[in-house]
$ cat final_23.cif   # mmCIF, C-alpha atoms and all ligand atoms
data_my_file
loop_
_atom_site.label_atom_id
_atom_site.label_comp_id
_atom_site.auth_asym_id
_atom_site.auth_seq_id
_atom_site.Cartn_x
_atom_site.Cartn_y
_atom_site.Cartn_z
CA MET A 5 19.44 4.35 -71.09
CA ASN A 6 19.08 1.14 -73.07
CA SER A 7 15.36 0.68 -72.88
CA PRO A 8 13.32 2.12 -75.70
CA SER A 9 11.18 5.08 -74.81
CA VAL A 10 7.42 4.88 -75.03
CA ALA A 11 5.07 7.85 -75.06
CA VAL A 12 1.74 7.32 -73.32
CA VAL A 13 -0.89 9.92 -74.18
CA GLY A 14 -3.50 10.22 -71.41
CA ALA A 15 -3.14 9.73 -67.65
CA GLY A 16 -6.54 8.20 -66.94
CA LEU A 17 -6.64 4.77 -65.33
CA ALA A 18 -5.81 3.04 -68.62
CA GLY A 19 -2.75 5.18 -69.38
CA LEU A 20 -1.48 4.90 -65.83
CA ALA A 21 -1.92 1.12 -65.75
CA CYS A 22 -0.09 0.83 -69.06
CA ALA A 23 2.77 3.08 -67.93
CA ARG A 24 3.15 1.19 -64.65
CA ARG A 25 3.29 -2.15 -66.43
CA LEU A 26 5.98 -0.80 -68.79
CA GLN A 27 7.96 0.57 -65.88
CA GLN A 28 7.81 -2.80 -64.13
CA ALA A 29 9.30 -4.33 -67.30
CA GLY A 30 12.22 -1.89 -67.24
CA ILE A 31 10.87 0.42 -69.95
CA GLN A 32 10.69 4.09 -68.98
CA PRO A 33 7.49 5.57 -70.39
CA ARG A 34 6.77 9.26 -70.56
CA VAL A 35 3.14 10.19 -70.00
CA PHE A 36 1.46 13.29 -71.49
CA GLU A 37 -1.75 14.53 -69.89
CA SER A 38 -3.78 17.52 -71.04
CA GLN A 39 -5.18 18.27 -67.57
CA ARG A 40 -3.28 19.40 -64.51
CA ALA A 41 -3.90 16.17 -62.61
CA PRO A 42 -4.21 12.49 -63.48
CA GLY A 43 -7.44 10.48 -63.46
CA GLY A 44 -9.52 11.65 -66.43
CA ARG A 45 -13.11 10.63 -65.80
CA MET A 46 -12.18 9.43 -62.34
CA ALA A 47 -12.31 12.99 -61.13
CA THR A 48 -13.07 15.13 -58.11
CA ARG A 49 -14.34 18.73 -58.40
CA ARG A 50 -13.47 21.01 -55.49
CA TYR A 51 -15.39 24.06 -54.26
CA GLN A 52 -14.91 25.91 -51.03
CA ALA A 53 -18.06 24.40 -49.55
CA ALA A 54 -17.80 20.87 -50.90
CA THR A 55 -16.08 18.36 -53.15
CA PHE A 56 -17.87 16.12 -55.64
CA ASP A 57 -16.99 13.00 -57.59
CA HIS A 58 -18.71 14.34 -60.69
CA GLY A 59 -17.53 11.56 -63.03
CA ALA A 60 -17.14 7.94 -61.94
CA GLN A 61 -19.10 7.29 -58.77
CA TYR A 62 -17.54 4.13 -57.39
CA PHE A 63 -15.74 1.07 -58.66
CA THR A 64 -15.60 -2.64 -58.17
CA ALA A 65 -12.52 -4.85 -58.24
CA THR A 66 -13.25 -8.36 -59.39
CA GLY A 67 -10.12 -9.41 -61.33
CA ALA A 68 -7.01 -10.51 -59.41
CA GLY A 69 -4.69 -7.80 -60.80
CA PHE A 70 -6.91 -4.81 -60.01
CA ARG A 71 -7.99 -6.32 -56.70
CA GLN A 72 -4.36 -6.48 -55.62
CA VAL A 73 -3.86 -2.81 -56.51
CA ILE A 74 -7.01 -1.90 -54.58
CA GLU A 75 -6.06 -3.94 -51.53
CA GLN A 76 -2.69 -2.20 -51.39
CA ALA A 77 -4.35 1.19 -51.85
CA SER A 78 -6.86 0.33 -49.15
CA ALA A 79 -4.08 -0.58 -46.71
CA ALA A 80 -2.51 2.84 -47.47
CA GLY A 81 -5.81 4.67 -46.88
CA ILE A 82 -6.13 5.74 -50.55
CA VAL A 83 -9.44 3.94 -51.18
CA GLY A 84 -12.22 2.77 -48.90
CA ARG A 85 -15.53 0.98 -49.03
CA TRP A 86 -18.72 2.92 -49.63
CA ARG A 87 -21.80 1.53 -47.95
CA PRO A 88 -24.65 3.74 -49.08
CA ASP A 89 -28.24 3.41 -48.05
CA TRP A 90 -29.26 2.14 -51.50
CA PRO A 91 -32.59 0.34 -51.71
CA GLY A 92 -32.42 -2.32 -54.42
CA GLY A 93 -28.65 -1.94 -54.62
CA GLU A 94 -27.83 -4.60 -52.04
CA GLN A 95 -25.91 -6.68 -54.57
CA GLU A 96 -23.75 -3.76 -55.71
CA ARG A 97 -23.35 -2.50 -52.15
CA LYS A 98 -21.21 -5.47 -51.20
CA ASP A 99 -18.08 -4.39 -52.97
CA LEU A 100 -18.18 -0.68 -53.72
CA TRP A 101 -14.91 1.19 -53.54
CA VAL A 102 -14.23 4.92 -53.67
CA GLY A 103 -11.09 7.05 -53.50
CA LEU A 104 -10.28 8.85 -50.22
CA PRO A 105 -11.01 11.70 -49.83
CA GLY A 106 -12.09 11.82 -53.51
CA MET A 107 -11.98 9.61 -56.60
CA GLY A 108 -8.83 11.37 -57.77
CA ALA A 109 -6.83 9.80 -54.93
CA LEU A 110 -6.32 6.46 -56.69
CA PRO A 111 -5.01 7.85 -60.00
CA ARG A 112 -2.74 10.23 -58.04
CA ARG A 113 -1.24 7.24 -56.28
CA LEU A 114 -0.84 5.27 -59.50
CA ALA A 115 0.91 8.26 -61.09
CA ASP A 116 3.42 8.38 -58.25
CA GLY A 117 6.91 7.58 -59.54
CA LEU A 118 5.91 7.91 -63.20
CA ASP A 119 7.27 10.56 -65.52
CA VAL A 120 4.09 12.54 -66.28
CA GLU A 121 3.92 15.91 -68.03
CA TYR A 122 0.69 17.67 -67.09
CA GLY A 123 -1.06 20.41 -69.03
CA VAL A 124 0.21 19.04 -72.37
CA ARG A 125 -2.47 18.31 -74.96
CA ILE A 126 -1.20 16.23 -77.86
CA VAL A 127 -2.76 17.40 -81.11
CA ARG A 128 -0.81 15.42 -83.72
CA ILE A 129 1.56 12.48 -83.90
CA GLU A 130 4.09 11.96 -86.68
CA HIS A 131 6.41 9.14 -87.56
CA ALA A 132 9.92 9.75 -88.96
CA ARG A 133 13.10 7.71 -89.24
CA ARG A 134 14.06 8.36 -85.64
CA GLY A 135 10.66 7.33 -84.29
CA TRP A 136 7.51 9.08 -83.13
CA THR A 137 7.16 12.80 -82.54
CA LEU A 138 4.23 14.21 -80.58
CA GLN A 139 3.10 17.77 -81.25
CA ASP A 140 1.32 19.59 -78.45
CA ASP A 141 -1.17 22.44 -78.59
CA ARG A 142 1.49 25.02 -77.67
CA GLY A 143 3.59 24.13 -80.69
CA ALA A 144 6.20 22.09 -78.80
CA ALA A 145 7.45 18.77 -80.21
CA HIS A 146 8.25 15.73 -78.06
CA ALA A 147 10.47 13.51 -80.17
CA ASP A 148 12.17 10.14 -80.60
CA PHE A 149 9.75 7.68 -79.09
CA ALA A 150 9.98 4.07 -80.21
CA ALA A 151 6.28 3.52 -79.62
CA VAL A 152 3.23 5.56 -78.79
CA VAL A 153 0.25 4.52 -76.66
CA LEU A 154 -3.06 6.34 -77.08
CA ALA A 155 -4.85 5.94 -73.74
CA LEU A 156 -7.68 8.25 -74.78
CA PRO A 157 -11.41 8.03 -75.41
CA ALA A 158 -11.91 6.13 -78.68
CA PRO A 159 -13.02 9.10 -80.86
CA VAL A 160 -9.97 11.16 -79.80
CA ALA A 161 -7.57 8.26 -80.33
CA ALA A 162 -9.09 7.50 -83.73
CA VAL A 163 -8.39 11.01 -85.04
CA LEU A 164 -4.78 11.09 -83.81
CA ALA A 165 -4.01 7.61 -85.20
CA ALA A 166 -5.90 7.80 -88.51
CA PRO A 167 -2.91 8.68 -90.74
CA HIS A 168 -0.73 5.94 -89.26
CA THR A 169 -2.56 2.65 -88.78
CA PRO A 170 -5.60 0.80 -90.10
CA LEU A 171 -6.45 0.04 -86.44
CA ALA A 172 -7.70 3.63 -86.15
CA ALA A 173 -10.83 2.49 -87.98
CA ARG A 174 -11.58 0.06 -85.13
CA ALA A 175 -11.43 2.90 -82.62
CA HIS A 176 -13.48 5.08 -84.94
CA ALA A 177 -16.31 2.50 -84.92
CA VAL A 178 -16.66 2.73 -81.12
CA ARG A 179 -19.39 5.11 -79.92
CA MET A 180 -19.10 6.96 -76.62
CA ALA A 181 -22.12 8.65 -75.05
CA PRO A 182 -22.01 12.04 -73.32
CA CYS A 183 -23.26 12.69 -69.79
CA TRP A 184 -24.39 15.91 -68.14
CA ALA A 185 -23.60 15.94 -64.41
CA VAL A 186 -25.12 18.36 -61.90
CA MET A 187 -23.58 19.00 -58.48
CA ALA A 188 -25.64 20.55 -55.68
CA THR A 189 -25.33 21.12 -51.95
CA TYR A 190 -28.13 21.78 -49.45
CA VAL A 191 -28.04 23.42 -46.06
CA GLU A 192 -30.51 21.04 -44.44
CA PRO A 193 -30.47 17.25 -44.85
CA LEU A 194 -32.83 16.02 -47.58
CA GLU A 195 -34.98 13.63 -45.58
CA ARG A 196 -36.38 10.37 -46.91
CA LEU A 197 -34.03 10.11 -49.90
CA PRO A 198 -31.65 7.15 -50.27
CA ASP A 199 -27.91 7.79 -50.54
CA ALA A 200 -27.88 6.41 -54.08
CA SER A 201 -30.37 5.28 -56.66
CA PHE A 202 -30.60 3.91 -60.17
CA THR A 203 -33.97 5.59 -60.62
CA GLY A 204 -35.16 4.16 -63.93
CA ASP A 205 -36.01 7.74 -64.97
CA ALA A 206 -35.41 8.56 -68.65
CA VAL A 207 -33.68 11.86 -67.84
CA LEU A 208 -32.14 11.31 -64.38
CA PRO A 209 -31.17 7.63 -64.11
CA TRP A 210 -28.69 8.12 -61.24
CA PHE A 211 -28.26 10.29 -58.19
CA ALA A 212 -26.02 9.90 -55.16
CA ARG A 213 -25.27 11.72 -51.96
CA ASN A 214 -21.57 12.29 -52.41
CA GLY A 215 -21.45 13.15 -48.73
CA SER A 216 -22.39 9.55 -47.83
CA LYS A 217 -19.02 8.35 -49.09
CA PRO A 218 -16.28 7.95 -46.50
CA GLY A 219 -13.99 10.91 -45.81
CA ARG A 220 -16.14 13.52 -47.59
CA ASP A 221 -16.43 17.04 -46.20
CA ALA A 222 -20.02 18.05 -47.06
CA PRO A 223 -22.74 15.57 -46.03
CA GLN A 224 -25.36 17.26 -48.21
CA ALA A 225 -23.38 17.28 -51.47
CA TRP A 226 -25.34 15.48 -54.21
CA VAL A 227 -24.40 14.37 -57.73
CA LEU A 228 -27.05 13.92 -60.43
CA HIS A 229 -26.26 12.18 -63.74
CA ALA A 230 -28.39 12.57 -66.84
CA SER A 231 -29.07 9.71 -69.26
CA ALA A 232 -27.01 9.24 -72.40
CA GLU A 233 -29.99 9.90 -74.65
CA TRP A 234 -31.01 13.11 -72.91
CA SER A 235 -27.40 14.32 -72.62
CA ARG A 236 -26.97 13.81 -76.35
CA ARG A 237 -30.14 15.75 -77.10
CA GLU A 238 -29.22 18.57 -74.71
CA PHE A 239 -25.50 18.50 -75.44
CA ASP A 240 -25.37 22.18 -76.45
CA SER A 241 -27.98 23.46 -74.02
CA ALA A 242 -27.12 26.16 -71.51
CA PRO A 243 -25.91 24.89 -68.12
CA GLU A 244 -28.78 26.77 -66.40
CA ARG A 245 -31.34 24.74 -68.34
CA ILE A 246 -29.51 21.48 -67.54
CA GLN A 247 -29.36 22.33 -63.85
CA ARG A 248 -33.01 23.37 -63.69
CA THR A 249 -34.24 20.22 -65.46
CA LEU A 250 -32.15 17.75 -63.45
CA LEU A 251 -33.06 19.43 -60.15
CA GLU A 252 -36.74 19.21 -61.11
CA ARG A 253 -36.32 15.49 -61.83
CA PHE A 254 -34.51 15.09 -58.54
CA ALA A 255 -37.45 16.67 -56.73
CA ALA A 256 -39.77 14.30 -58.61
CA GLN A 257 -37.72 11.40 -57.25
CA ALA A 258 -38.08 12.83 -53.76
CA GLY A 259 -41.83 13.19 -54.33
CA ARG A 260 -41.89 16.78 -53.07
CA SER A 261 -40.37 20.16 -53.76
CA LEU A 262 -36.83 20.52 -52.49
CA PRO A 263 -35.16 23.63 -51.04
CA ARG A 264 -32.96 25.76 -53.26
CA PRO A 265 -29.40 24.37 -53.33
CA ALA A 266 -26.75 26.48 -51.60
CA LEU A 267 -24.40 25.69 -54.48
CA VAL A 268 -25.18 24.31 -57.91
CA ASP A 269 -22.93 23.66 -60.88
CA SER A 270 -22.72 21.32 -63.83
CA HIS A 271 -20.20 19.54 -65.99
CA ARG A 272 -20.56 18.09 -69.47
CA TRP A 273 -18.69 14.85 -70.11
CA ARG A 274 -18.29 14.56 -73.86
CA HIS A 275 -17.13 10.93 -73.92
CA ALA A 276 -18.58 9.50 -70.72
CA ARG A 277 -19.45 5.88 -71.41
CA VAL A 278 -18.76 3.44 -74.21
CA GLU A 279 -21.87 2.10 -75.93
CA ASN A 280 -20.39 -0.64 -78.13
CA PRO A 281 -17.09 -1.80 -76.61
CA LEU A 282 -14.43 -3.23 -78.89
CA GLY A 283 -14.50 -6.62 -77.17
CA GLU A 284 -10.71 -6.97 -76.93
CA PRO A 285 -8.48 -5.72 -74.10
CA CYS A 286 -6.39 -3.44 -76.34
CA LEU A 287 -5.07 -2.86 -79.86
CA TYR A 288 -1.43 -2.82 -80.90
CA ASP A 289 0.01 -2.30 -84.38
CA ARG A 290 3.48 -3.71 -83.94
CA ALA A 291 4.78 -2.68 -87.34
CA ALA A 292 3.81 0.94 -86.76
CA GLY A 293 4.62 0.96 -83.02
CA ILE A 294 1.25 2.34 -81.97
CA GLY A 295 -1.18 1.00 -79.37
CA PHE A 296 -4.65 1.83 -78.06
CA CYS A 297 -6.11 1.24 -74.62
CA GLY A 298 -9.02 2.58 -72.59
CA ASP A 299 -12.29 1.51 -71.04
CA TRP A 300 -13.85 1.51 -74.52
CA CYS A 301 -11.97 -1.68 -75.35
CA LEU A 302 -13.85 -3.70 -72.72
CA ASP A 303 -16.56 -1.94 -70.74
CA ALA A 304 -17.64 1.42 -69.30
CA ARG A 305 -15.93 0.80 -65.98
CA ILE A 306 -12.83 1.82 -64.12
CA GLU A 307 -11.65 -1.74 -63.71
CA ALA A 308 -12.00 -2.29 -67.47
CA ALA A 309 -9.84 0.79 -68.12
CA PHE A 310 -7.19 -0.59 -65.77
CA GLN A 311 -7.30 -4.04 -67.39
CA SER A 312 -7.01 -2.56 -70.86
CA GLY A 313 -3.97 -0.43 -70.00
CA ASP A 314 -2.33 -3.28 -68.14
CA ALA A 315 -2.86 -5.63 -71.11
CA LEU A 316 -1.33 -3.18 -73.57
CA GLY A 317 1.65 -2.55 -71.28
CA ALA A 318 2.25 -6.30 -71.07
CA GLU A 319 2.00 -6.68 -74.85
CA LEU A 320 4.45 -3.85 -75.48
CA ALA A 321 6.88 -5.23 -72.91
CA GLN A 322 6.64 -8.65 -74.50
CA ALA A 323 7.24 -7.25 -77.97
CA ARG A 324 10.40 -5.68 -76.66
CA GLY A 325 11.48 -8.99 -75.12
CA ARG A 326 10.87 -10.82 -78.39
CA GLU A 327 13.03 -8.40 -80.30
CA GLY A 328 15.81 -9.22 -77.85
CA SER A 329 18.20 -6.37 -78.58
CA GLY A 330 16.49 -3.97 -76.23
CA LYS A 331 14.92 -2.17 -79.18
CA MET A 332 11.30 -2.15 -80.17
CA ARG A 333 10.06 -2.15 -83.71
CA GLY A 334 10.33 1.35 -85.04
CA SER A 335 12.91 2.45 -82.46
CA PRO A 336 15.80 4.61 -83.59
C1 LIG B 401 -20.41 10.53 -65.52
C2 LIG B 401 -19.63 9.27 -65.44
C3 LIG B 401 -19.97 8.29 -64.51
C4 LIG B 401 -19.25 7.10 -64.42
N1 LIG B 401 -19.53 6.21 -63.43
C5 LIG B 401 -18.74 5.13 -63.25
C6 LIG B 401 -18.90 4.29 -62.13
O1 LIG B 401 -19.72 4.56 -61.23
N2 LIG B 401 -18.12 3.19 -62.02
C7 LIG B 401 -17.15 2.89 -62.95
O2 LIG B 401 -16.43 1.88 -62.81
N3 LIG B 401 -16.96 3.71 -64.02
C8 LIG B 401 -17.73 4.81 -64.19
N4 LIG B 401 -17.50 5.65 -65.24
C9 LIG B 401 -16.54 5.26 -66.27
C10 LIG B 401 -15.09 5.45 -65.82
O3 LIG B 401 -14.90 6.76 -65.36
C11 LIG B 401 -14.20 5.17 -67.00
O4 LIG B 401 -14.46 3.85 -67.47
C12 LIG B 401 -12.68 5.27 -66.72
O5 LIG B 401 -12.37 6.29 -65.82
C13 LIG B 401 -11.99 5.48 -68.07
O6 LIG B 401 -10.59 5.56 -67.94
P1 LIG B 401 -9.69 5.77 -69.22
O7 LIG B 401 -8.29 5.86 -68.76
O8 LIG B 401 -10.04 4.74 -70.23
O9 LIG B 401 -10.16 7.16 -69.87
P2 LIG B 401 -10.12 8.65 -69.26
O10 LIG B 401 -10.39 8.63 -67.81
O11 LIG B 401 -11.03 9.44 -70.13
O12 LIG B 401 -8.62 9.11 -69.47
C14 LIG B 401 -8.16 9.73 -70.66
C15 LIG B 401 -7.15 10.83 -70.27
O13 LIG B 401 -6.60 11.38 -71.44
C16 LIG B 401 -6.52 12.79 -71.28
N5 LIG B 401 -6.51 13.37 -72.63
C17 LIG B 401 -7.55 13.46 -73.51
N6 LIG B 401 -7.13 13.98 -74.68
C18 LIG B 401 -5.81 14.23 -74.54
C19 LIG B 401 -4.81 14.74 -75.43
N7 LIG B 401 -5.10 15.11 -76.70
N8 LIG B 401 -3.53 14.87 -74.97
C20 LIG B 401 -3.21 14.49 -73.70
N9 LIG B 401 -4.13 13.98 -72.83
C21 LIG B 401 -5.41 13.85 -73.25
C22 LIG B 401 -7.73 13.14 -70.45
O14 LIG B 401 -7.58 14.38 -69.79
C23 LIG B 401 -7.79 11.96 -69.49
O15 LIG B 401 -7.05 12.21 -68.32
C24 LIG B 401 -18.19 6.87 -65.32
C25 LIG B 401 -17.83 7.85 -66.24
C26 LIG B 401 -18.52 9.05 -66.29
C27 LIG B 401 -18.07 10.14 -67.22
#
$ encode --input "final_23.cif" --output "structure tokens"
Amino acid sequence: MNSPSVAVVGAGLAGLACARRLQQAGIQPRVFESQRAPGGRMATRRYQAATFDHGAQYFTATGAGFRQVIEQASAAGIVGRWRPDWPGGEQERKDLWVGLPGMGALPRRLADGLDVEYGVRIVRIEHARRGWTLQDDRGAAHADFAAVVLALPAPVAAVLAAPHTPLAARAHAVRMAPCWAVMATYVEPLERLPDASFTGDAVLPWFARNGSKPGRDAPQAWVLHASAEWSRREFDSAPERIQRTLLERFAAQAGRSLPRPALVDSHRWRHARVENPLGEPCLYDRAAGIGFCGDWCLDARIEAAFQSGDALGAELAQARGREGSGKMRGSP
């Protein structure tokens, strides 16, 4: 194979968009993902009784590139429109998309046809004469990559890249807030509650009836998201305390006591949302052959993650074109 090999670390929307753009340019990337499925924060949690989108809730598609992807996915039944009963959310309601039957459907589709290794957590990257080597947490080495893309939350990318490029400092300066999520199902419908709400509450700023999204199995599955400030303060608290507090706040929103949930669980997102985005679509150190992409470059949104990955893929492909010989800077 003539084309230089690129390692993409992370199969969230940014990593997938980057890998797809490289593939379109004739470069065969290899993607490494620590989890057993793609999607990162665009995730679906499955229980016997219900499934929940416990990370990203919905997405919009305003730019031409992402809109095209979404229109194709819509035609294939991978995504659909969500039209929640959402008082005050009329503006947002117009163009809300969700994966079908869960948020994970879109990243699964984008990963189709890519060379992705799941369950591989990269813990160190090293540069030698023959190119980049990636060390995983089981002690295996993945060697001879001409370039490496870190499609990871900024704090994780900053640590991996620190020995190799001054750009790591830019990633290091980006703050990402945590988010505690609680998932609950009820036997009876919870009357007089909207399907979704930005509540304005300092602890529980968002709740949604996951079951109001198209194609979901459990109508009374609810997702509650805690605020960044509260999640930071309670980061190390026991899940039981988190669940109790958020369910109490949920009841306060309902204005009455609510029945005991049939199922309740929680998840702690360590790097949920960027607080001070970089303000550039991506970062690429051409001399070192190392790039960064992710939502944190632009905004705390799925579309921003896609745009960032796509931009880095285009830049890498262009760099290869400029060098003409089919080799990228740093390639063996
Ligand atoms: C609670 C919550 C609610 C949100 N709500 C919305 C919303 O309603 N609408 C919206 O547009 N956006 C929302 N977002 C933001 C949205 O989910 C993100 O902007 C987007 O999914 C980020 O994609 P990404 O590819 O940049 O990062 P990620 O999705 O974080 O992808 C990074 C990937 O890298 C993998 N990884 C990490 N470390 C390693 C390693 N060492 N080796 C290998 N792989 C690794 C991870 O497993 C992950 O798959 C929400 C996020 C959260 C957490």
$ residues_around --input "final_23.cif" --residues "stretch 253-264 of chain A" --least-positions-apart "5" --cutoff "8 Å" --atoms "all atoms listed in the file" --output "list in words"
Tyr190, Leu194, Arg196, Leu197, Thr203, Val207, Leu208, Phe211 and Leu228 of chain A
$ residues_around --input "final_23.cif" --residues "A:Ser9" --least-positions-apart "6" --cutoff "6 Å" --atoms "all atoms listed in the file" --output "list in words"
Gln32, Pro33, Phe149 and Ala150 of chain A
$ closest_residue --input "final_23.cif" --among "A:Phe56, A:Phe36, A:Phe296, A:Tyr122" --to "A:Gly106" --atoms "only C-alpha atoms"
A:Phe56
$ residues_near_ligand --input "final_23.cif" --ligand "ligand LIG 401 (chain B)" --cutoff "6 Å" --atoms "all atoms listed in the file" --output "ChimeraX atom specification"
/A:13-19,36-39,42-46,59-63,124-127,155-157,183,273,276-277,298-299,304-306,309
$ residues_near_point --input "final_23.cif" --point "(5.3, -1.4, -80.5)" --cutoff "6 Å" --atoms "all atoms listed in the file" --output "VMD selection string"
chain A and resid 151 290 293 to 294 320 333
$ atom_distance --input "final_23.cif" --atom1 "atom CA of A:Gly313" --atom2 "atom CA of A:Thr66"
16.2 Å
$ atom_distance --input "final_23.cif" --atom1 "atom CA of A:Gln224" --atom2 "atom CA of A:Ala206"
24.4 Å
$ residues_around --input "final_23.cif" --residues "A:His131" --least-positions-apart "2" --cutoff "12 Å" --atoms "all atoms listed in the file" --output "list in words"
Arg128, Ile129, Arg133, Arg134, Gly135, Trp136, Thr137, Leu138, Gln139, His146, Ala147, Asp148, Phe149, Ala150, Ala151, Val152, Leu164, Ala165, Pro167, His168, Thr169, Ala291, Ala292, Gly293, Ile294, Gly334, Ser335 and Pro336 of chain A
$ closest_residue --input "final_23.cif" --among "A:Glu238, A:Val268, A:Gln76, A:His275" --to "A:Tyr51" --atoms "only C-alpha atoms"
A:Val268
$ residues_around --input "final_23.cif" --residues "A:Cys297" --least-positions-apart "3" --cutoff "12 Å" --atoms "only C-alpha atoms" --output "number ranges by chain"
A: 12-23, 152-158, 160-162, 171-172, 174-175, 281-288, 294, 300-303, 308-320
$ atom_distance --input "final_23.cif" --atom1 "atom CA of A:Asp99" --atom2 "atom CA of A:Gln72"
14.1 Å
$ closest_residue --input "final_23.cif" --among "A:Asp89, A:Leu118, A:Gly69, A:Val102" --to "A:Ala11" --atoms "only C-alpha atoms"
A:Leu118
$ closest_residue --input "final_23.cif" --among "A:Ala232, A:Ile246, A:Ala145, A:Ala77" --to "A:Arg113" --atoms "all atoms listed in the file"
A:Ala77
$ residues_around --input "final_23.cif" --residues "A:Pro91" --least-positions-apart "6" --cutoff "10 Å" --atoms "only C-alpha atoms" --output "PyMOL selection string"
chain A and resi 97+198-202
$ write_last_selection --input "final_23.cif" --atoms "C-alpha atoms" --output "mmCIF file, in the frame of the given file"
data_model
loop_
_atom_site.group_PDB
_atom_site.id
_atom_site.type_symbol
_atom_site.label_atom_id
_atom_site.label_comp_id
_atom_site.auth_asym_id
_atom_site.auth_seq_id
_atom_site.Cartn_x
_atom_site.Cartn_y
_atom_site.Cartn_z
ATOM 1 C CA ARG A 97 -23.350 -2.500 -52.150
ATOM 2 C CA PRO A 198 -31.650 7.150 -50.270
ATOM 3 C CA ASP A 199 -27.910 7.790 -50.540
ATOM 4 C CA ALA A 200 -27.880 6.410 -54.080
ATOM 5 C CA SER A 201 -30.370 5.280 -56.660
ATOM 6 C CA PHE A 202 -30.600 3.910 -60.170
#
